[in-house]
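The data block below is data02.cif; it holds mmCIF, C-alpha atoms.
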data_target
#
loop_
_atom_site.group_PDB
_atom_site.id
_atom_site.type_symbol
_atom_site.label_atom_id
_atom_site.label_comp_id
_atom_site.auth_asym_id
_atom_site.auth_seq_id
_atom_site.Cartn_x
_atom_site.Cartn_y
_atom_site.Cartn_z
ATOM 1 C CA MET A 125 67.097 171.699 241.969
ATOM 2 C CA ARG A 126 68.759 171.732 245.377
ATOM 3 C CA ASN A 127 69.200 167.954 245.228
ATOM 4 C CA LEU A 128 70.675 167.980 241.718
ATOM 5 C CA LYS A 129 74.091 166.319 241.684
ATOM 6 C CA ILE A 130 76.889 166.279 239.134
ATOM 7 C CA THR A 131 76.275 162.543 238.903
ATOM 8 C CA HIS A 132 72.855 163.309 237.411
ATOM 9 C CA VAL A 133 74.352 165.812 234.963
ATOM 10 C CA ILE A 134 76.827 163.209 233.680
ATOM 11 C CA LEU A 135 74.044 160.634 233.355
ATOM 12 C CA VAL A 136 71.974 163.064 231.270
ATOM 13 C CA MET A 137 74.999 163.853 229.125
ATOM 14 C CA ASN A 138 75.601 160.146 228.460
ATOM 15 C CA VAL A 139 71.960 159.626 227.495
ATOM 16 C CA LEU A 140 71.914 162.672 225.184
ATOM 17 C CA ILE A 141 74.997 161.436 223.353
ATOM 18 C CA ALA A 142 73.377 157.994 222.988
ATOM 19 C CA ILE A 143 70.224 159.622 221.554
ATOM 20 C CA LEU A 144 72.280 161.668 219.093
ATOM 21 C CA MET A 145 74.073 158.503 218.002
ATOM 22 C CA LEU A 146 70.745 156.752 217.466
ATOM 23 C CA MET A 147 69.383 159.704 215.467
ATOM 24 C CA THR A 148 72.538 159.806 213.352
ATOM 25 C CA ARG A 149 72.334 156.083 212.672
ATOM 26 C CA THR A 150 68.660 156.407 211.682
ATOM 27 C CA THR A 151 68.731 159.581 209.588
ATOM 28 C CA SER A 152 72.034 159.036 207.778
ATOM 29 C CA MET A 153 71.618 155.278 207.328
ATOM 30 C CA LEU A 154 75.070 154.922 208.868
ATOM 31 C CA ARG A 155 75.459 151.225 209.649
ATOM 32 C CA ASN A 156 79.174 151.024 210.370
ATOM 33 C CA GLU A 157 79.147 150.786 214.161
ATOM 34 C CA ALA A 158 82.873 151.418 214.617
ATOM 35 C CA TYR A 159 82.768 154.540 212.450
ATOM 36 C CA LEU A 160 79.736 155.840 214.337
ATOM 37 C CA LEU A 161 81.480 155.333 217.685
ATOM 38 C CA LEU A 162 84.600 157.105 216.422
ATOM 39 C CA LYS A 163 82.483 159.939 215.067
ATOM 40 C CA PHE A 164 81.098 160.576 218.543
ATOM 41 C CA GLY A 165 84.405 160.326 220.393
ATOM 42 C CA ALA A 166 85.446 156.701 220.844
ATOM 43 C CA GLN A 167 89.080 155.987 221.619
ATOM 44 C CA PHE A 168 91.259 154.309 219.004
ATOM 45 C CA GLY A 169 94.983 153.941 219.609
ATOM 46 C CA PRO A 170 96.264 155.044 216.183
ATOM 47 C CA LEU A 171 94.064 158.164 216.205
ATOM 48 C CA VAL A 172 95.170 159.100 219.725
ATOM 49 C CA ALA A 173 98.810 158.538 218.771
ATOM 50 C CA ARG A 174 98.283 160.762 215.730
ATOM 51 C CA GLY A 175 97.302 163.683 217.940
ATOM 52 C CA GLU A 176 93.629 163.133 218.815
ATOM 53 C CA TRP A 177 94.440 162.916 222.534
ATOM 54 C CA TYR A 178 91.020 164.321 223.433
ATOM 55 C CA ARG A 179 89.465 160.937 222.654
ATOM 56 C CA THR A 180 90.785 159.691 226.001
ATOM 57 C CA ILE A 181 88.270 162.146 227.496
ATOM 58 C CA THR A 182 85.331 162.002 225.089
ATOM 59 C CA ALA A 183 85.281 158.185 225.111
ATOM 60 C CA ILE A 184 84.201 158.291 228.776
ATOM 61 C CA PHE A 185 80.808 159.665 227.690
ATOM 62 C CA VAL A 186 80.174 157.349 224.715
ATOM 63 C CA HIS A 187 78.577 153.891 224.966
ATOM 64 C CA GLY A 188 78.315 150.979 222.573
ATOM 65 C CA GLY A 189 74.616 150.228 222.679
ATOM 66 C CA ILE A 190 71.615 150.426 224.983
ATOM 67 C CA LEU A 191 72.682 147.599 227.315
ATOM 68 C CA HIS A 192 76.142 149.107 227.760
ATOM 69 C CA LEU A 193 74.525 152.455 228.555
ATOM 70 C CA LEU A 194 71.999 150.935 230.982
ATOM 71 C CA PHE A 195 74.572 148.906 232.943
ATOM 72 C CA ASN A 196 76.959 151.839 233.242
ATOM 73 C CA SER A 197 74.162 154.259 234.068
ATOM 74 C CA TYR A 198 72.995 152.073 236.943
ATOM 75 C CA ALA A 199 76.543 151.714 238.275
ATOM 76 C CA LEU A 200 77.237 155.435 237.891
ATOM 77 C CA PHE A 201 73.991 156.382 239.617
ATOM 78 C CA TYR A 202 74.705 154.041 242.531
ATOM 79 C CA PHE A 203 78.411 154.628 243.112
ATOM 80 C CA GLY A 204 78.416 158.212 241.886
ATOM 81 C CA THR A 205 75.659 159.274 244.270
ATOM 82 C CA ILE A 206 77.496 157.692 247.211
ATOM 83 C CA VAL A 207 80.904 159.157 246.358
ATOM 84 C CA GLU A 208 79.489 162.601 245.634
ATOM 85 C CA SER A 209 77.583 162.577 248.943
ATOM 86 C CA ILE A 210 80.662 161.552 250.947
ATOM 87 C CA TYR A 211 83.321 163.610 249.162
ATOM 88 C CA GLY A 212 81.345 166.477 247.655
ATOM 89 C CA SER A 213 80.765 167.469 244.034
ATOM 90 C CA GLU A 214 84.187 169.047 243.496
ATOM 91 C CA LYS A 215 86.163 165.996 244.579
ATOM 92 C CA PHE A 216 83.739 163.703 242.764
ATOM 93 C CA VAL A 217 84.250 165.477 239.421
ATOM 94 C CA ALA A 218 88.034 165.472 239.743
ATOM 95 C CA SER A 219 88.135 161.822 240.848
ATOM 96 C CA TYR A 220 85.663 160.538 238.259
ATOM 97 C CA LEU A 221 87.318 162.187 235.272
ATOM 98 C CA SER A 222 90.911 161.556 236.349
ATOM 99 C CA SER A 223 90.119 157.854 236.940
ATOM 100 C CA GLY A 224 88.472 157.638 233.535
ATOM 101 C CA LEU A 225 91.449 159.347 231.916
ATOM 102 C CA ILE A 226 93.976 157.026 233.582
ATOM 103 C CA GLY A 227 91.873 154.024 232.605
ATOM 104 C CA ASN A 228 91.908 155.194 229.000
ATOM 105 C CA ILE A 229 95.657 155.774 229.093
ATOM 106 C CA ALA A 230 95.955 152.116 230.155
ATOM 107 C CA THR A 231 93.659 151.256 227.249
ATOM 108 C CA GLN A 232 95.997 153.108 224.909
ATOM 109 C CA LEU A 233 98.854 150.911 226.102
ATOM 110 C CA PHE A 234 97.164 147.503 226.227
ATOM 111 C CA TYR A 235 94.323 147.767 223.668
ATOM 112 C CA TYR A 236 96.005 149.991 221.108
ATOM 113 C CA GLY A 237 94.240 148.536 218.081
ATOM 114 C CA SER A 238 90.739 148.402 219.577
ATOM 115 C CA VAL A 239 87.897 150.904 219.471
ATOM 116 C CA SER A 240 87.028 151.605 223.100
ATOM 117 C CA VAL A 241 84.127 153.481 224.710
ATOM 118 C CA GLY A 242 82.384 153.709 228.051
ATOM 119 C CA ALA A 243 82.483 155.095 231.552
ATOM 120 C CA SER A 244 83.691 151.837 233.121
ATOM 121 C CA GLY A 245 87.170 153.113 233.965
ATOM 122 C CA ALA A 246 85.752 156.205 235.654
ATOM 123 C CA ILE A 247 83.139 154.136 237.508
ATOM 124 C CA PHE A 248 85.783 151.680 238.702
ATOM 125 C CA GLY A 249 87.660 154.705 239.997
ATOM 126 C CA LEU A 250 84.663 155.428 242.225
ATOM 127 C CA VAL A 251 84.653 151.778 243.307
ATOM 128 C CA GLY A 252 88.351 152.049 244.163
ATOM 129 C CA MET A 253 87.691 155.131 246.283
ATOM 130 C CA LEU A 254 84.956 153.377 248.226
ATOM 131 C CA PHE A 255 87.048 150.227 248.579
ATOM 132 C CA ILE A 256 89.982 152.011 250.215
ATOM 133 C CA LEU A 257 87.626 154.182 252.259
ATOM 134 C CA GLY A 258 86.594 151.079 254.186
ATOM 135 C CA PHE A 259 90.118 150.844 255.616
ATOM 136 C CA LYS A 260 90.549 154.502 256.576
ATOM 137 C CA ARG A 261 90.119 155.798 260.109
ATOM 138 C CA ASP A 262 88.346 158.937 258.923
ATOM 139 C CA ALA A 263 85.669 156.976 257.034
ATOM 140 C CA PRO A 264 82.094 157.933 258.015
ATOM 141 C CA PHE A 265 80.620 155.334 260.353
ATOM 142 C CA TYR A 266 77.597 154.809 258.097
ATOM 143 C CA ALA A 267 79.817 153.873 255.117
ATOM 144 C CA ARG A 268 81.223 150.676 256.614
ATOM 145 C CA SER A 269 78.507 148.448 255.172
ATOM 146 C CA PHE A 270 79.198 149.364 251.522
ATOM 147 C CA THR A 271 82.951 150.027 251.485
ATOM 148 C CA GLY A 272 86.124 147.974 251.965
ATOM 149 C CA TYR A 273 85.669 144.206 251.944
ATOM 150 C CA ALA A 274 81.966 144.583 251.116
ATOM 151 C CA LEU A 275 82.980 145.508 247.558
ATOM 152 C CA LEU A 276 85.526 142.732 247.111
ATOM 153 C CA PRO A 277 83.168 140.080 245.582
ATOM 154 C CA MET A 278 81.932 142.556 242.980
ATOM 155 C CA ILE A 279 85.465 143.677 242.127
ATOM 156 C CA ILE A 280 86.791 140.111 241.770
ATOM 157 C CA TYR A 281 83.810 139.005 239.680
ATOM 158 C CA ASN A 282 84.159 141.880 237.215
ATOM 159 C CA VAL A 283 87.918 141.502 236.848
ATOM 160 C CA VAL A 284 87.789 137.711 236.369
ATOM 161 C CA PHE A 285 84.871 137.958 233.935
ATOM 162 C CA GLY A 286 86.752 140.627 231.998
ATOM 163 C CA PHE A 287 89.647 138.233 231.361
ATOM 164 C CA LEU A 288 87.419 135.504 229.921
ATOM 165 C CA PRO A 289 87.835 134.990 226.142
ATOM 166 C CA GLY A 290 85.135 136.769 224.167
ATOM 167 C CA SER A 291 83.900 138.907 227.049
ATOM 168 C CA GLY A 292 84.619 142.090 225.097
ATOM 169 C CA ILE A 293 85.431 143.878 228.354
ATOM 170 C CA ASN A 294 88.257 146.388 228.582
ATOM 171 C CA ASN A 295 90.005 145.287 231.770
ATOM 172 C CA ALA A 296 92.808 147.792 231.177
ATOM 173 C CA ALA A 297 90.311 150.616 231.720
ATOM 174 C CA HIS A 298 88.742 148.803 234.679
ATOM 175 C CA LEU A 299 92.011 148.131 236.482
ATOM 176 C CA GLY A 300 93.574 151.466 235.537
ATOM 177 C CA GLY A 301 90.547 153.341 236.820
ATOM 178 C CA PHE A 302 90.287 151.180 239.932
ATOM 179 C CA PHE A 303 93.885 151.669 241.060
ATOM 180 C CA ALA A 304 93.635 155.371 240.258
ATOM 181 C CA GLY A 305 90.565 155.519 242.499
ATOM 182 C CA VAL A 306 92.350 153.634 245.275
ATOM 183 C CA LEU A 307 95.198 156.148 245.176
ATOM 184 C CA ILE A 308 92.845 159.120 245.084
ATOM 185 C CA GLY A 309 90.749 157.683 247.914
ATOM 186 C CA TYR A 310 93.880 157.133 249.992
ATOM 187 C CA LEU A 311 95.045 160.734 249.525
ATOM 188 C CA VAL A 312 91.737 162.614 249.686
ATOM 189 C CA LYS A 313 89.704 163.136 252.839
ATOM 190 C CA PRO A 314 86.110 161.853 252.743
ATOM 191 C CA LEU A 315 84.560 165.263 253.333
ATOM 192 C CA PRO A 316 83.073 167.752 250.870
ATOM 193 C CA ALA A 317 85.494 170.576 250.118
ATOM 194 C CA ILE A 318 83.050 173.106 251.554
ATOM 195 C CA TYR A 319 83.580 171.625 255.035
ATOM 196 C CA SER A 320 87.329 172.155 254.905
ATOM 197 C CA ARG A 321 88.752 174.163 257.782
ATOM 198 C CA ARG A 322 90.722 176.176 255.275
ATOM 199 C CA ARG A 323 88.573 178.146 252.868
ATOM 200 C CA SER A 324 91.433 178.054 250.373
ATOM 201 C CA MET A 325 91.036 174.264 250.072
ATOM 202 C CA PHE A 326 87.419 174.699 249.069
ATOM 203 C CA TYR A 327 88.352 177.131 246.312
ATOM 204 C CA ALA A 328 91.230 174.887 245.220
ATOM 205 C CA TRP A 329 88.946 171.885 244.746
ATOM 206 C CA ARG A 330 86.331 174.015 243.012
ATOM 207 C CA THR A 331 88.989 175.341 240.646
ATOM 208 C CA ILE A 332 90.176 171.808 239.882
ATOM 209 C CA ALA A 333 86.599 170.677 239.192
ATOM 210 C CA ILE A 334 85.986 173.637 236.864
ATOM 211 C CA MET A 335 89.231 172.888 235.032
ATOM 212 C CA PHE A 336 88.157 169.279 234.485
ATOM 213 C CA GLY A 337 84.764 170.465 233.250
ATOM 214 C CA ALA A 338 86.478 172.868 230.846
ATOM 215 C CA LEU A 339 88.690 170.018 229.636
ATOM 216 C CA VAL A 340 85.599 167.958 228.774
ATOM 217 C CA VAL A 341 84.055 170.855 226.834
ATOM 218 C CA TYR A 342 87.342 171.538 225.034
ATOM 219 C CA SER A 343 87.764 167.864 224.181
ATOM 220 C CA PHE A 344 84.365 167.702 222.488
ATOM 221 C CA PHE A 345 85.125 170.985 220.722
ATOM 222 C CA MET A 346 88.325 169.430 219.362
ATOM 223 C CA LEU A 347 86.408 166.293 218.351
ATOM 224 C CA ILE A 348 83.860 168.287 216.381
ATOM 225 C CA PHE A 349 86.229 170.653 214.594
ATOM 226 C CA HIS A 350 89.566 168.818 214.389
ATOM 227 C CA SER A 351 88.868 165.085 214.231
ATOM 228 C CA ALA A 352 89.850 163.287 211.050
ATOM 229 C CA VAL A 353 86.840 160.963 211.307
#
Translate the structure of the given file into structure tokens.
Amino acid sequence: MRNLKITHVILVMNVLIAILMLMTRTTSMLRNEAYLLLKFGAQFGPLVARGEWYRTITAIFVHGGILHLLFNSYALFYFGTIVESIYGSEKFVASYLSSGLIGNIATQLFYYGSVSVGASGAIFGLVGMLFILGFKRDAPFYARSFTGYALLPMIIYNVVFGFLPGSGINNAAHLGGFFAGVLIGYLVKPLPAIYSRRRSMFYAWRTIAIMFGALVVYSFFMLIFHSAV
């Protein structure tokens, strides 16, 4: 249990939601994929504009099929483990969820009429943090090989592929999350909050992380009891 990370908790949460979606599809004979996604928290511009703002949070944990879940799970496990090890769990939670939220706000603006799901915006936020870390003086020496320019080919490939017709990729979430991560990575020191010289900083980051966790719980509560779908 000592090695359990928040990254693992989020991965389990994503898988559980995917299992519940599969069970719902099987037991209720629900074949309308869009309706099923919306039922479990997908983002849809008109619903968000009508007051279901919490979908910009819940959509981060919902995936559109097994391949979508597997690709994002691999990326989250890889980048999430690195970011959480370098920055600590508190900063990881705040960065992951805020990047995902900003990515989904961009989705609301540029893909208003589309049903959108997935952790890609949040994951690209982690990529953005690691990208900018490669150019910071306080970056750990061991991180040079997988930060900065080392990530550039992967970033360019994903962005270019996302703009290809028929790709079905939400580049608004990708780019929104990425630039959010770059900004966060620029402002935040690459050290776990517990190693801060000021104990107050540790408690501040822990409070922020708890608040984000409470926001996720509240968002799913709102989805269950107040959603029109």
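Look at Ile226 in chain A: the protein and nucleic acid residues within 8 Å of it, using only C-alpha atoms and passing over chain neighbours fewer than 4 places away, are Ser222, Ala230, Gly245, Ala297, Gly300, Gly301 and Ala304 of chain A.
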Env of Gln167 in chain A: 10 Å cut, atoms = all atoms listed in the file, seq-sep filter 6 positions within chain, self excluded. Answer as a ChimeraX atom specification. /A:161,176-184,186,228-229,231-232,235-242
Assuming the chain letters and numbering stay as they are in my file, what does the PyMOL selection byres ((chain A and resi 272) around 12) actually select? List them as a PyMOL selection string. chain A and resi 251-261+263+267-271+273-279+306+309
Might you pull out every residue within 9 Å of Ser197 in chain A, with all atoms listed in the file counted and same-chain residues fewer than 2 positions away left off, and present them as a list in words?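 Near Ser197 in chain A, the qualifying residues are Leu135, Asn138, Val139, His192, Leu193, Leu194, Phe195, Ala199, Leu200, Phe201, Tyr202 and Ala243 of chain A.
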Find the spatial neighbours of Ala328 in chain A, counting all atoms listed in the file, within a cut-off of 9 Å - ignore same-chain residues fewer than 5 positions away - and output them as a compact mmCIF listing (two decimals) with C-alpha atoms, in the frame of the given file.
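That gives us out-v2.txt:
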# COMPACT_ATOMS: atom_id res chain seq x y z
CA ALA A 317 85.49 170.58 250.12
CA ARG A 323 88.57 178.15 252.87
CA ALA A 333 86.60 170.68 239.19
Can you list, as a PDB file with C-alpha atoms, in the coordinates of the input, every protein, DNA or RNA residue that comes within 8 Å of range 311-313 of chain A when you count all atoms listed in the file, leaving out same-chain residues fewer than 4 positions away?
ATOM      1  CA  TYR A 211      83.321 163.610 249.162  1.00  0.00           C
ATOM      2  CA  ASP A 262      88.346 158.937 258.923  1.00  0.00           C
ATOM      3  CA  LEU A 307      95.198 156.148 245.176  1.00  0.00           C
TER       4      LEU A 307
END
Would you work out the distance separating CA of Phe344 in chain A from CA of Phe303 in chain A, expressed in Å to one decimal? 26.3 Å
Where does the PyMOL selection byres ((chain A and resi 246) around 7) land in this file, that is, which residues does it pick, as a PyMOL selection string? chain A and resi 220-221+223-224+243-245+247-250+301
Writer output for current selection, C-alpha atoms, as a PDB file, in the coordinates of the input:
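This went into again_28.pdb:
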ATOM      1  CA  TYR A 220      85.663 160.538 238.259  1.00  0.00           C
ATOM      2  CA  LEU A 221      87.318 162.187 235.272  1.00  0.00           C
ATOM      3  CA  SER A 223      90.119 157.854 236.940  1.00  0.00           C
ATOM      4  CA  GLY A 224      88.472 157.638 233.535  1.00  0.00           C
ATOM      5  CA  ALA A 243      82.483 155.095 231.552  1.00  0.00           C
ATOM      6  CA  SER A 244      83.691 151.837 233.121  1.00  0.00           C
ATOM      7  CA  GLY A 245      87.170 153.113 233.965  1.00  0.00           C
ATOM      8  CA  ILE A 247      83.139 154.136 237.508  1.00  0.00           C
ATOM      9  CA  PHE A 248      85.783 151.680 238.702  1.00  0.00           C
ATOM     10  CA  GLY A 249      87.660 154.705 239.997  1.00  0.00           C
ATOM     11  CA  LEU A 250      84.663 155.428 242.225  1.00  0.00           C
ATOM     12  CA  GLY A 301      90.547 153.341 236.820  1.00  0.00           C
TER      13      GLY A 301
END
Kindly indicate which residue among A:Val353, A:Ile130, A:Leu339, A:Val283 lies nearest to Thr205 in chain A, using all atoms listed in the file for the distances. A:Ile130
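Nearest to Ile308 in chain A of all the residues A:Arg174, A:Lys215, A:Arg149, A:His187 is A:Lys215, based on only C-alpha atoms.
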Hey, could you pull the box centre and edge lengths for range 271-283 of chain A, axis-aligned, 5 Å padding per side, all listed atoms, to one decimal in Å, as lines of an AutoDock Vina configuration file?
center_x = 84.9
center_y = 144.5
center_z = 244.4
size_x = 16.0
size_y = 21.0
size_z = 25.1
One decimal, Å: what's the distance from CA of Leu191 in chain A over to CA of Val207 in chain A, could you say?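 Pair CA of Leu191 in chain A / CA of Val207 in chain A returns 23.7 Å.
Distance-wise, CA of Glu214 in chain A and CA of Ala142 in chain A end up 25.7 Å apart.
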Given all atoms listed in the file as the basis, pick out the residue of A:Gly337, A:Tyr342, A:Val136, A:Tyr266 nearest to Ile206 in chain A. A:Tyr266
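Distances from A:Val340, A:Leu233, A:Ile334, A:Leu225 to Gly305 in chain A were compared using all atoms listed in the file, and the smallest one belongs to A:Leu225.
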Smallest atom-to-atom distance to Asn295 in chain A: which of A:Phe234, A:Tyr159, A:Phe349, A:Tyr327, using all atoms listed in the file?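 Looking at the shortest contact to Asn295 in chain A, the residue is A:Phe234.
For the set A:Thr331, A:Ser351, A:Ser209, A:Asn127, the residue with the smallest atom-to-atom gap to Pro264 in chain A is A:Ser209, counting only C-alpha atoms.
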Would you mind exporting range 268-291 of chain A with N, CA and C atoms, as a PDB file, in the first residue's frame?
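To be explicit, this is the file written out as result.pdb:
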ATOM      1  N   ARG A 268      16.075  14.651 -17.510  1.00  0.00           N
ATOM      2  CA  ARG A 268      16.429  15.268 -18.787  1.00  0.00           C
ATOM      3  C   ARG A 268      16.126  14.379 -19.986  1.00  0.00           C
ATOM      4  N   SER A 269      16.209  13.080 -19.819  1.00  0.00           N
ATOM      5  CA  SER A 269      16.053  12.174 -20.956  1.00  0.00           C
ATOM      6  C   SER A 269      14.595  12.000 -21.389  1.00  0.00           C
ATOM      7  N   PHE A 270      13.633  12.378 -20.557  1.00  0.00           N
ATOM      8  CA  PHE A 270      12.227  12.191 -20.938  1.00  0.00           C
ATOM      9  C   PHE A 270      11.405  13.467 -20.746  1.00  0.00           C
ATOM     10  N   THR A 271      12.069  14.618 -20.793  1.00  0.00           N
ATOM     11  CA  THR A 271      11.373  15.899 -20.723  1.00  0.00           C
ATOM     12  C   THR A 271      11.862  16.799 -21.860  1.00  0.00           C
ATOM     13  N   GLY A 272      11.299  17.989 -21.968  1.00  0.00           N
ATOM     14  CA  GLY A 272      11.752  18.956 -22.964  1.00  0.00           C
ATOM     15  C   GLY A 272      11.639  18.446 -24.387  1.00  0.00           C
ATOM     16  N   TYR A 273      12.714  18.614 -25.151  1.00  0.00           N
ATOM     17  CA  TYR A 273      12.695  18.249 -26.573  1.00  0.00           C
ATOM     18  C   TYR A 273      12.445  16.760 -26.802  1.00  0.00           C
ATOM     19  N   ALA A 274      12.701  15.926 -25.817  1.00  0.00           N
ATOM     20  CA  ALA A 274      12.470  14.490 -25.973  1.00  0.00           C
ATOM     21  C   ALA A 274      11.001  14.175 -26.229  1.00  0.00           C
ATOM     22  N   LEU A 275      10.111  15.058 -25.785  1.00  0.00           N
ATOM     23  CA  LEU A 275       8.672  14.842 -25.961  1.00  0.00           C
ATOM     24  C   LEU A 275       8.132  15.472 -27.240  1.00  0.00           C
ATOM     25  N   LEU A 276       8.937  16.283 -27.894  1.00  0.00           N
ATOM     26  CA  LEU A 276       8.446  17.053 -29.035  1.00  0.00           C
ATOM     27  C   LEU A 276       7.910  16.179 -30.169  1.00  0.00           C
ATOM     28  N   PRO A 277       8.577  15.096 -30.593  1.00  0.00           N
ATOM     29  CA  PRO A 277       8.023  14.262 -31.675  1.00  0.00           C
ATOM     30  C   PRO A 277       6.640  13.710 -31.335  1.00  0.00           C
ATOM     31  N   MET A 278       6.465  13.251 -30.106  1.00  0.00           N
ATOM     32  CA  MET A 278       5.174  12.709 -29.700  1.00  0.00           C
ATOM     33  C   MET A 278       4.095  13.784 -29.700  1.00  0.00           C
ATOM     34  N   ILE A 279       4.440  14.968 -29.238  1.00  0.00           N
ATOM     35  CA  ILE A 279       3.471  16.072 -29.194  1.00  0.00           C
ATOM     36  C   ILE A 279       3.041  16.466 -30.604  1.00  0.00           C
ATOM     37  N   ILE A 280       4.029  16.652 -31.500  1.00  0.00           N
ATOM     38  CA  ILE A 280       3.731  17.054 -32.877  1.00  0.00           C
ATOM     39  C   ILE A 280       2.898  15.997 -33.589  1.00  0.00           C
ATOM     40  N   TYR A 281       3.265  14.740 -33.418  1.00  0.00           N
ATOM     41  CA  TYR A 281       2.519  13.650 -34.070  1.00  0.00           C
ATOM     42  C   TYR A 281       1.062  13.658 -33.641  1.00  0.00           C
ATOM     43  N   ASN A 282       0.803  13.754 -32.354  1.00  0.00           N
ATOM     44  CA  ASN A 282      -0.573  13.701 -31.857  1.00  0.00           C
ATOM     45  C   ASN A 282      -1.391  14.900 -32.304  1.00  0.00           C
ATOM     46  N   VAL A 283      -0.771  16.081 -32.305  1.00  0.00           N
ATOM     47  CA  VAL A 283      -1.499  17.278 -32.723  1.00  0.00           C
ATOM     48  C   VAL A 283      -1.820  17.222 -34.215  1.00  0.00           C
ATOM     49  N   VAL A 284      -0.832  16.869 -35.036  1.00  0.00           N
ATOM     50  CA  VAL A 284      -1.046  16.798 -36.489  1.00  0.00           C
ATOM     51  C   VAL A 284      -2.082  15.726 -36.811  1.00  0.00           C
ATOM     52  N   PHE A 285      -1.963  14.563 -36.205  1.00  0.00           N
ATOM     53  CA  PHE A 285      -2.914  13.479 -36.451  1.00  0.00           C
ATOM     54  C   PHE A 285      -4.323  13.895 -36.039  1.00  0.00           C
ATOM     55  N   GLY A 286      -4.421  14.678 -34.969  1.00  0.00           N
ATOM     56  CA  GLY A 286      -5.724  15.119 -34.494  1.00  0.00           C
ATOM     57  C   GLY A 286      -6.433  16.057 -35.441  1.00  0.00           C
ATOM     58  N   PHE A 287      -5.678  16.731 -36.317  1.00  0.00           N
ATOM     59  CA  PHE A 287      -6.284  17.660 -37.278  1.00  0.00           C
ATOM     60  C   PHE A 287      -6.657  16.983 -38.594  1.00  0.00           C
ATOM     61  N   LEU A 288      -6.286  15.717 -38.757  1.00  0.00           N
ATOM     62  CA  LEU A 288      -6.627  15.009 -39.988  1.00  0.00           C
ATOM     63  C   LEU A 288      -8.122  14.739 -40.047  1.00  0.00           C
ATOM     64  N   PRO A 289      -8.749  14.894 -41.213  1.00  0.00           N
ATOM     65  CA  PRO A 289     -10.193  14.633 -41.353  1.00  0.00           C
ATOM     66  C   PRO A 289     -10.529  13.195 -40.954  1.00  0.00           C
ATOM     67  N   GLY A 290     -11.560  13.048 -40.148  1.00  0.00           N
ATOM     68  CA  GLY A 290     -12.019  11.725 -39.755  1.00  0.00           C
ATOM     69  C   GLY A 290     -11.264  11.093 -38.608  1.00  0.00           C
ATOM     70  N   SER A 291     -10.319  11.822 -38.016  1.00  0.00           N
ATOM     71  CA  SER A 291      -9.547  11.233 -36.917  1.00  0.00           C
ATOM     72  C   SER A 291     -10.400  11.040 -35.669  1.00  0.00           C
TER      73      SER A 291
END
